[in-house]
$ cat input-v9.cif   # mmCIF, C-alpha atoms (C1' of nucleotides)
data_input
loop_
_atom_site.label_atom_id
_atom_site.label_comp_id
_atom_site.auth_asym_id
_atom_site.auth_seq_id
_atom_site.Cartn_x
_atom_site.Cartn_y
_atom_site.Cartn_z
CA MET A 1175 0.00 0.00 0.00
CA ASP A 1176 1.33 3.41 -0.81
CA TYR A 1177 0.30 6.08 1.60
CA LYS A 1178 0.83 9.61 0.42
CA ILE A 1179 0.88 12.68 2.59
CA LYS A 1180 -0.60 15.91 1.32
CA SER A 1181 -0.95 19.37 2.73
CA ARG A 1182 -2.63 22.67 2.28
CA ILE A 1183 -1.30 25.84 3.77
CA TRP A 1184 -2.78 29.28 4.09
CA ILE A 1185 -1.93 32.61 5.61
CA GLU A 1186 -4.34 34.28 8.00
CA ALA A 1187 -4.65 37.91 9.00
CA ASP A 1188 -6.94 38.88 11.87
CA GLY A 1189 -8.09 35.26 12.11
CA GLU A 1190 -9.43 35.22 8.57
CA ILE A 1191 -7.96 33.69 5.46
CA LEU A 1192 -5.71 36.04 3.56
CA LEU A 1193 -4.04 33.77 1.06
CA GLY A 1194 -4.58 30.16 0.10
CA GLU A 1195 -3.78 28.09 -2.95
CA GLY A 1196 -6.85 29.26 -4.87
CA ARG A 1197 -6.19 32.93 -4.28
CA VAL A 1198 -2.56 32.57 -5.19
CA SER A 1199 -3.34 30.91 -8.50
CA LEU A 1200 -5.82 33.70 -9.20
CA LEU A 1201 -3.20 36.33 -8.46
CA LYS A 1202 -0.77 34.59 -10.76
CA ALA A 1203 -3.40 34.56 -13.50
CA ILE A 1204 -3.95 38.29 -13.07
CA ASP A 1205 -0.24 38.81 -13.43
CA GLU A 1206 -0.29 36.86 -16.67
CA THR A 1207 -3.43 38.31 -18.25
CA GLY A 1208 -3.48 41.88 -16.96
CA SER A 1209 -7.20 41.64 -16.30
CA LEU A 1210 -9.38 40.22 -13.56
CA SER A 1211 -12.05 38.93 -15.92
CA LYS A 1212 -9.52 37.20 -18.16
CA ALA A 1213 -7.74 35.76 -15.16
CA ALA A 1214 -11.00 34.35 -13.81
CA LYS A 1215 -11.87 32.81 -17.13
CA SER A 1216 -8.43 31.30 -17.56
CA ILE A 1217 -8.73 29.31 -14.34
CA GLY A 1218 -12.42 28.47 -14.78
CA MET A 1219 -13.70 30.74 -12.04
CA SER A 1220 -16.69 33.09 -12.25
CA TYR A 1221 -15.88 36.77 -12.41
CA LYS A 1222 -17.91 37.46 -9.32
CA LYS A 1223 -16.09 34.90 -7.22
CA ALA A 1224 -12.73 36.15 -8.43
CA TRP A 1225 -13.66 39.72 -7.62
CA SER A 1226 -14.88 38.77 -4.14
CA LEU A 1227 -11.63 36.94 -3.40
CA ILE A 1228 -9.44 39.77 -4.58
CA ASP A 1229 -11.53 42.28 -2.66
CA ALA A 1230 -11.11 40.27 0.52
CA VAL A 1231 -7.38 39.94 0.02
CA ASN A 1232 -6.92 43.65 -0.61
CA LYS A 1233 -8.94 44.58 2.46
CA ARG A 1234 -7.11 42.23 4.79
CA ALA A 1235 -3.57 42.55 3.58
CA GLU A 1236 -1.24 45.16 4.98
CA LYS A 1237 -1.14 46.81 1.56
CA PRO A 1238 -3.21 46.16 -1.58
CA VAL A 1239 -2.01 43.26 -3.70
CA THR A 1240 -3.61 44.48 -6.94
CA SER A 1241 -4.28 47.81 -8.57
CA SER A 1242 -7.13 48.18 -11.04
CA SER A 1243 -8.47 50.79 -13.41
CA ILE A 1244 -12.03 51.18 -14.64
CA GLY A 1245 -12.91 52.39 -18.13
CA GLY A 1246 -10.51 53.87 -20.60
CA LYS A 1247 -8.43 52.09 -23.21
CA GLY A 1248 -9.41 48.44 -23.30
CA GLY A 1249 -12.10 49.05 -20.67
CA GLY A 1250 -9.71 48.86 -17.77
CA GLY A 1251 -7.56 46.20 -16.20
CA ALA A 1252 -5.87 44.86 -13.12
CA GLU A 1253 -2.31 44.06 -12.20
CA LEU A 1254 -0.32 42.93 -9.23
CA THR A 1255 1.40 45.44 -7.04
CA GLU A 1256 4.99 44.86 -6.00
CA TYR A 1257 3.68 43.86 -2.60
CA GLY A 1258 1.31 41.38 -4.24
CA LYS A 1259 4.14 39.83 -6.22
CA SER A 1260 6.25 39.38 -3.14
CA LEU A 1261 3.35 37.78 -1.27
CA VAL A 1262 2.79 35.26 -4.06
CA GLU A 1263 6.47 34.43 -4.21
CA THR A 1264 6.74 33.95 -0.47
CA PHE A 1265 3.67 31.75 -0.38
CA GLU A 1266 4.88 29.51 -3.16
CA THR A 1267 8.32 29.11 -1.68
CA ILE A 1268 6.98 28.14 1.72
CA ASN A 1269 4.46 25.78 0.13
CA GLU A 1270 7.12 23.92 -1.82
CA ASN A 1271 9.34 23.70 1.22
CA CYS A 1272 6.42 22.25 3.15
CA TRP A 1273 5.89 19.54 0.55
CA LYS A 1274 9.51 18.54 0.67
CA PHE A 1275 9.49 18.54 4.42
CA LEU A 1276 6.44 16.29 4.65
CA ASP A 1277 7.83 13.96 2.04
CA HIS A 1278 10.89 13.58 4.17
CA GLN A 1279 8.79 13.05 7.28
CA ILE A 1280 6.71 10.23 5.90
CA LYS A 1281 9.75 8.44 4.60
CA GLN A 1282 11.16 8.49 8.09
CA SER A 1283 7.95 7.09 9.60
CA LYS A 1284 6.93 3.47 9.81
CA LEU A 1285 4.31 3.97 7.11
CA LYS A 1286 6.82 4.35 4.32
CA MET B 333 -0.14 43.25 11.19
CA ASP B 334 0.38 39.74 12.33
CA TYR B 335 0.18 37.18 9.61
CA LYS B 336 -0.18 33.60 10.75
CA ILE B 337 0.49 30.55 8.68
CA LYS B 338 -1.69 27.51 9.11
CA SER B 339 -1.74 24.08 7.59
CA ARG B 340 -3.78 21.02 7.20
CA ILE B 341 -2.25 17.68 6.37
CA TRP B 342 -3.83 14.40 5.42
CA ILE B 343 -2.78 10.94 4.37
CA GLU B 344 -4.14 9.45 1.19
CA ALA B 345 -4.42 5.83 0.13
CA ASP B 346 -5.39 5.00 -3.45
CA GLY B 347 -5.93 8.69 -4.12
CA GLU B 348 -8.60 9.01 -1.45
CA ILE B 349 -8.40 10.50 2.00
CA LEU B 350 -7.41 8.01 4.65
CA LEU B 351 -6.67 10.18 7.63
CA GLY B 352 -7.15 13.86 8.31
CA GLU B 353 -7.46 15.96 11.42
CA GLY B 354 -11.16 15.22 11.90
CA ARG B 355 -10.72 11.48 11.61
CA VAL B 356 -7.77 11.48 13.96
CA SER B 357 -9.65 13.38 16.65
CA LEU B 358 -12.51 10.91 16.24
CA LEU B 359 -10.14 7.97 16.64
CA LYS B 360 -8.69 9.54 19.76
CA ALA B 361 -12.19 10.00 21.16
CA ILE B 362 -12.94 6.33 20.50
CA ASP B 363 -9.79 5.42 22.38
CA GLU B 364 -10.96 7.51 25.32
CA THR B 365 -14.61 6.50 25.43
CA GLY B 366 -14.55 2.88 24.22
CA SER B 367 -17.61 3.51 22.05
CA LEU B 368 -18.28 5.03 18.68
CA SER B 369 -21.51 6.72 19.73
CA LYS B 370 -19.96 8.25 22.84
CA ALA B 371 -16.93 9.36 20.85
CA ALA B 372 -19.13 11.06 18.28
CA LYS B 373 -21.12 12.84 20.94
CA SER B 374 -17.99 13.97 22.78
CA ILE B 375 -16.69 15.82 19.75
CA GLY B 376 -20.09 17.09 18.60
CA MET B 377 -20.38 14.87 15.56
CA SER B 378 -23.43 12.92 14.47
CA TYR B 379 -23.23 9.17 14.93
CA LYS B 380 -23.86 8.61 11.27
CA LYS B 381 -21.01 10.79 10.16
CA ALA B 382 -18.67 9.21 12.66
CA TRP B 383 -19.61 5.74 11.52
CA SER B 384 -19.15 6.65 7.85
CA LEU B 385 -15.71 8.07 8.52
CA ILE B 386 -14.55 5.08 10.51
CA ASP B 387 -15.96 2.72 7.89
CA ALA B 388 -14.03 4.52 5.17
CA VAL B 389 -10.83 4.46 7.17
CA ASN B 390 -11.12 0.77 7.92
CA LYS B 391 -11.76 -0.09 4.29
CA ARG B 392 -8.87 1.93 2.91
CA ALA B 393 -6.22 1.30 5.49
CA GLU B 394 -3.83 -1.58 5.17
CA LYS B 395 -5.33 -3.09 8.31
CA PRO B 396 -8.42 -2.08 10.33
CA VAL B 397 -7.88 0.76 12.77
CA THR B 398 -10.80 -0.11 15.05
CA SER B 399 -12.46 -3.28 16.24
CA SER B 400 -16.08 -3.22 17.29
CA SER B 401 -18.54 -5.58 18.92
CA ILE B 402 -22.30 -5.56 18.57
CA GLY B 403 -24.67 -6.46 21.39
CA GLY B 404 -23.65 -8.09 24.63
CA LYS B 405 -22.65 -6.40 27.83
CA GLY B 406 -23.20 -2.69 27.52
CA GLY B 407 -24.63 -3.16 24.04
CA GLY B 408 -21.26 -3.34 22.38
CA GLY B 409 -18.40 -0.97 21.82
CA ALA B 410 -15.45 0.03 19.73
CA GLU B 411 -11.76 0.38 20.38
CA LEU B 412 -8.58 1.17 18.50
CA THR B 413 -6.42 -1.63 17.19
CA GLU B 414 -2.69 -1.49 17.74
CA TYR B 415 -2.37 -0.49 14.11
CA GLY B 416 -4.90 2.29 14.64
CA LYS B 417 -2.98 3.60 17.62
CA SER B 418 0.26 3.71 15.68
CA LEU B 419 -1.41 5.53 12.80
CA VAL B 420 -2.78 8.19 15.12
CA GLU B 421 0.57 8.63 16.78
CA THR B 422 2.42 8.93 13.49
CA PHE B 423 -0.09 11.45 12.16
CA GLU B 424 0.10 13.65 15.21
CA THR B 425 3.86 13.63 15.27
CA ILE B 426 4.13 14.63 11.64
CA ASN B 427 1.44 17.27 12.08
CA GLU B 428 3.21 18.90 14.99
CA ASN B 429 6.51 18.83 13.15
CA CYS B 430 4.81 20.51 10.21
CA TRP B 431 3.49 23.33 12.38
CA LYS B 432 6.93 23.95 13.83
CA PHE B 433 8.47 23.87 10.39
CA LEU B 434 6.01 26.41 8.98
CA ASP B 435 6.39 28.64 11.98
CA HIS B 436 10.10 28.67 11.34
CA GLN B 437 9.53 29.34 7.64
CA ILE B 438 7.34 32.39 8.12
CA LYS B 439 9.75 33.87 10.64
CA GLN B 440 12.47 33.62 8.05
CA SER B 441 10.34 35.30 5.38
CA LYS B 442 9.87 39.02 4.93
CA LEU B 443 6.30 38.82 6.25
CA LYS B 444 7.32 38.09 9.83
"C1'" DA C 86 -38.17 -14.00 26.13
"C1'" DA C 87 -37.74 -9.27 27.25
"C1'" DT C 88 -34.62 -5.46 28.01
"C1'" DC C 89 -30.84 -2.57 27.09
"C1'" DG C 90 -27.24 0.09 24.77
"C1'" DC C 91 -24.73 -0.12 21.15
"C1'" DT C 92 -23.44 -0.91 15.99
"C1'" DA C 93 -25.04 -0.54 11.35
"C1'" DT C 94 -27.62 1.52 7.55
"C1'" DA C 95 -31.31 4.05 4.70
"C1'" DT C 96 -33.99 8.07 3.87
"C1'" DT C 97 -35.60 12.51 4.32
"C1'" DT C 98 -34.92 17.33 5.48
"C1'" DG C 99 -32.69 21.58 5.62
"C1'" DA C 100 -28.90 25.00 5.51
"C1'" DC C 101 -25.49 27.11 3.09
"C1'" DA C 102 -22.32 27.86 -0.55
"C1'" DA C 103 -21.63 28.05 -5.47
"C1'" DC C 104 -23.32 29.76 -9.64
"C1'" DA C 105 -25.62 32.02 -13.32
"C1'" DC C 106 -27.70 36.12 -14.44
"C1'" DA C 107 -28.57 41.05 -14.33
"C1'" DT C 108 -27.16 45.76 -14.09
"C1'" DA C 109 -24.64 49.99 -13.10
"C1'" DA C 110 -20.53 52.78 -13.64
"C1'" DC C 111 -16.49 54.23 -15.75
"C1'" DG C 112 -13.32 56.64 -19.08
"C1'" DA C 113 -10.68 56.54 -23.48
"C1'" DA C 114 -11.38 56.66 -28.24
"C1'" DG C 115 -13.70 57.19 -32.52
"C1'" DC D 414 -22.21 61.39 -27.58
"C1'" DT D 415 -22.07 56.60 -28.65
"C1'" DT D 416 -19.55 52.49 -28.35
"C1'" DC D 417 -16.66 49.26 -26.02
"C1'" DG D 418 -14.56 46.16 -22.58
"C1'" DT D 419 -13.71 46.20 -18.18
"C1'" DT D 420 -14.50 46.75 -13.00
"C1'" DA D 421 -17.92 46.63 -9.46
"C1'" DT D 422 -22.16 45.00 -7.26
"C1'" DG D 423 -26.85 42.92 -6.30
"C1'" DT D 424 -30.15 39.04 -6.63
"C1'" DG D 425 -32.41 34.86 -7.26
"C1'" DT D 426 -31.72 29.91 -8.05
"C1'" DT D 427 -29.61 25.70 -7.93
"C1'" DG D 428 -26.75 22.00 -6.32
"C1'" DT D 429 -24.25 19.89 -2.78
"C1'" DC D 430 -23.21 18.42 1.60
"C1'" DA D 431 -24.33 17.95 6.41
"C1'" DA D 432 -27.79 17.12 9.91
"C1'" DA D 433 -31.79 15.04 11.60
"C1'" DT D 434 -34.75 11.21 11.72
"C1'" DA D 435 -35.98 6.39 11.38
"C1'" DT D 436 -35.23 1.54 11.83
"C1'" DA D 437 -33.10 -2.93 11.98
"C1'" DG D 438 -29.99 -6.16 14.24
"C1'" DC D 439 -27.13 -7.96 17.76
"C1'" DG D 440 -25.90 -10.58 22.09
"C1'" DA D 441 -24.98 -10.56 27.21
"C1'" DT D 442 -27.70 -10.03 31.14
"C1'" DT D 443 -31.87 -10.49 33.87
#

$ encode --input "input-v9.cif" --output "structure tokens"
Amino acid sequence: MDYKIKSRIWIEADGEILLGEGRVSLLKAIDETGSLSKAAKSIGMSYKKAWSLIDAVNKRAEKPVTSSSIGGKGGGGAELTEYGKSLVETFETINENCWKFLDHQIKQSKLK
Amino acid sequence: MDYKIKSRIWIEADGEILLGEGRVSLLKAIDETGSLSKAAKSIGMSYKKAWSLIDAVNKRAEKPVTSSSIGGKGGGGAELTEYGKSLVETFETINENCWKFLDHQIKQSKLK
DNA sequence: AATCGCTATATTTGACAACACATAACGAAG
DNA sequence: CTTCGTTATGTGTTGTCAAATATAGCGATT
């Protein structure tokens, strides 16, 4: 039997979720597409849900993670702030380290 | 702002969840109470849900994690097998190690 | 053979989250 | 001043998952 160990990490601020895997992948999609609606579509999420998530993140984080413009050329758009980019990078690094750590842990246990 | 990092780990067998935090706390309650129904009540879980979880664990694990008796003195009961006890112990150890690891990780990051 | 407390399982009900849909606002550009 | 694509919100509906409810079966004890 092959047991596998999996994990999910998230960052909380004021006891509420700030960043999890879903929000991070959304932020990455915004960085790639330059638009919230395109980002949502690219990861199969409704625009409304994506907007709600980003709104929550921006309100809870120390500084906004995205900046957006309404109207104008192309109708508007959204992009990550420098702070947002650093948050995403930090999250992903810690997440990968966690996977490696757990992999090591289960190999050391009796479960194999 | 104090960011906190949290995690949830689980063990999979055949691509399906074998053990997570909820199941482990249920197993511990069974160990303490000697009965599935009392264990469920003690952690505020319905009997049906508790039974379903234990049933799934027993079917997917290499060996059963509980042994139960129906009828007889006291109406029956349930207790952890030796294998079940070792699984719980392993899970909790790895989980605690994971928390410590993540705590260390976030202190090393820029987020503090 | 009747009782008791538990395991074992099906079915029905209800709450809550996800989702689709609708609409307003905005500002550059033609 | 109309069009366009986007952000920004509200609302009603649907689908899913958990909780409640119901019931059968078991075996030691009396």

$ axis_aligned_box --input "input-v9.cif" --around "range 381-387 of chain B" --padding-each-side "8 Å" --output "lines of an AutoDock Vina configuration file"
center_x = -17.8
center_y = 6.8
center_z = 10.3
size_x = 22.5
size_y = 24.1
size_z = 20.8

$ resolve_selection --input "input-v9.cif" --expression "the PyMOL selection byres ((chain A) within 10 of (chain D))" --output "ChimeraX atom specification"
/A:1209-1212,1222,1225-1226,1242-1252

$ write_last_selection --input "input-v9.cif" --atoms "C-alpha atoms" --output "mmCIF file, keeping the file's coordinate frame"
data_model
loop_
_atom_site.group_PDB
_atom_site.id
_atom_site.type_symbol
_atom_site.label_atom_id
_atom_site.label_comp_id
_atom_site.auth_asym_id
_atom_site.auth_seq_id
_atom_site.Cartn_x
_atom_site.Cartn_y
_atom_site.Cartn_z
ATOM 1 C CA SER A 1209 -7.200 41.640 -16.300
ATOM 2 C CA LEU A 1210 -9.380 40.220 -13.560
ATOM 3 C CA SER A 1211 -12.050 38.930 -15.920
ATOM 4 C CA LYS A 1212 -9.520 37.200 -18.160
ATOM 5 C CA LYS A 1222 -17.910 37.460 -9.320
ATOM 6 C CA TRP A 1225 -13.660 39.720 -7.620
ATOM 7 C CA SER A 1226 -14.880 38.770 -4.140
ATOM 8 C CA SER A 1242 -7.130 48.180 -11.040
ATOM 9 C CA SER A 1243 -8.470 50.790 -13.410
ATOM 10 C CA ILE A 1244 -12.030 51.180 -14.640
ATOM 11 C CA GLY A 1245 -12.910 52.390 -18.130
ATOM 12 C CA GLY A 1246 -10.510 53.870 -20.600
ATOM 13 C CA LYS A 1247 -8.430 52.090 -23.210
ATOM 14 C CA GLY A 1248 -9.410 48.440 -23.300
ATOM 15 C CA GLY A 1249 -12.100 49.050 -20.670
ATOM 16 C CA GLY A 1250 -9.710 48.860 -17.770
ATOM 17 C CA GLY A 1251 -7.560 46.200 -16.200
ATOM 18 C CA ALA A 1252 -5.870 44.860 -13.120
#

$ interface_residues --input "input-v9.cif" --of "chain C" --to "chain A" --cutoff "6 Å" --atoms "only C-alpha atoms (C1' of nucleotides)" --output "PyMOL selection string"
chain C and resi 111-113

$ residues_around --input "input-v9.cif" --residues "Glu1206 in chain A" --least-positions-apart "6" --cutoff "10 Å" --atoms "only C-alpha atoms (C1' of nucleotides)" --output "MDAnalysis selection string"
chainID A and resid 1200 1212:1213 1216 1253:1254

$ closest_atom_pairs --input "input-v9.cif" --of "chain A" --to "chain B" --cutoff "6 Å" --atoms "all atoms listed in the file" --output "CSV"
residue,atom,partner,partner_atom,distance
A:Tyr1177,CA,B:Ala345,CA,4.9
A:Lys1178,CA,B:Glu344,CA,5.0
A:Ile1179,CA,B:Ile343,CA,4.4
A:Lys1180,CA,B:Trp342,CA,5.4
A:Ser1181,CA,B:Ile341,CA,4.2
A:Arg1182,CA,B:Arg340,CA,5.3
A:Ile1183,CA,B:Ser339,CA,4.2
A:Trp1184,CA,B:Lys338,CA,5.4
A:Ile1185,CA,B:Ile337,CA,4.4
A:Glu1186,CA,B:Lys336,CA,5.0
A:Ala1187,CA,B:Tyr335,CA,4.9

$ atom_distance --input "input-v9.cif" --atom1 "CA of Asp435 in chain B" --atom2 "CA of Glu353 in chain B"
18.8 Å

$ atom_distance --input "input-v9.cif" --atom1 "CA of Gln440 in chain B" --atom2 "CA of Thr1255 in chain A"
22.1 Å

$ atom_distance --input "input-v9.cif" --atom1 "CA of Glu421 in chain B" --atom2 "CA of Glu1266 in chain A"
29.2 Å
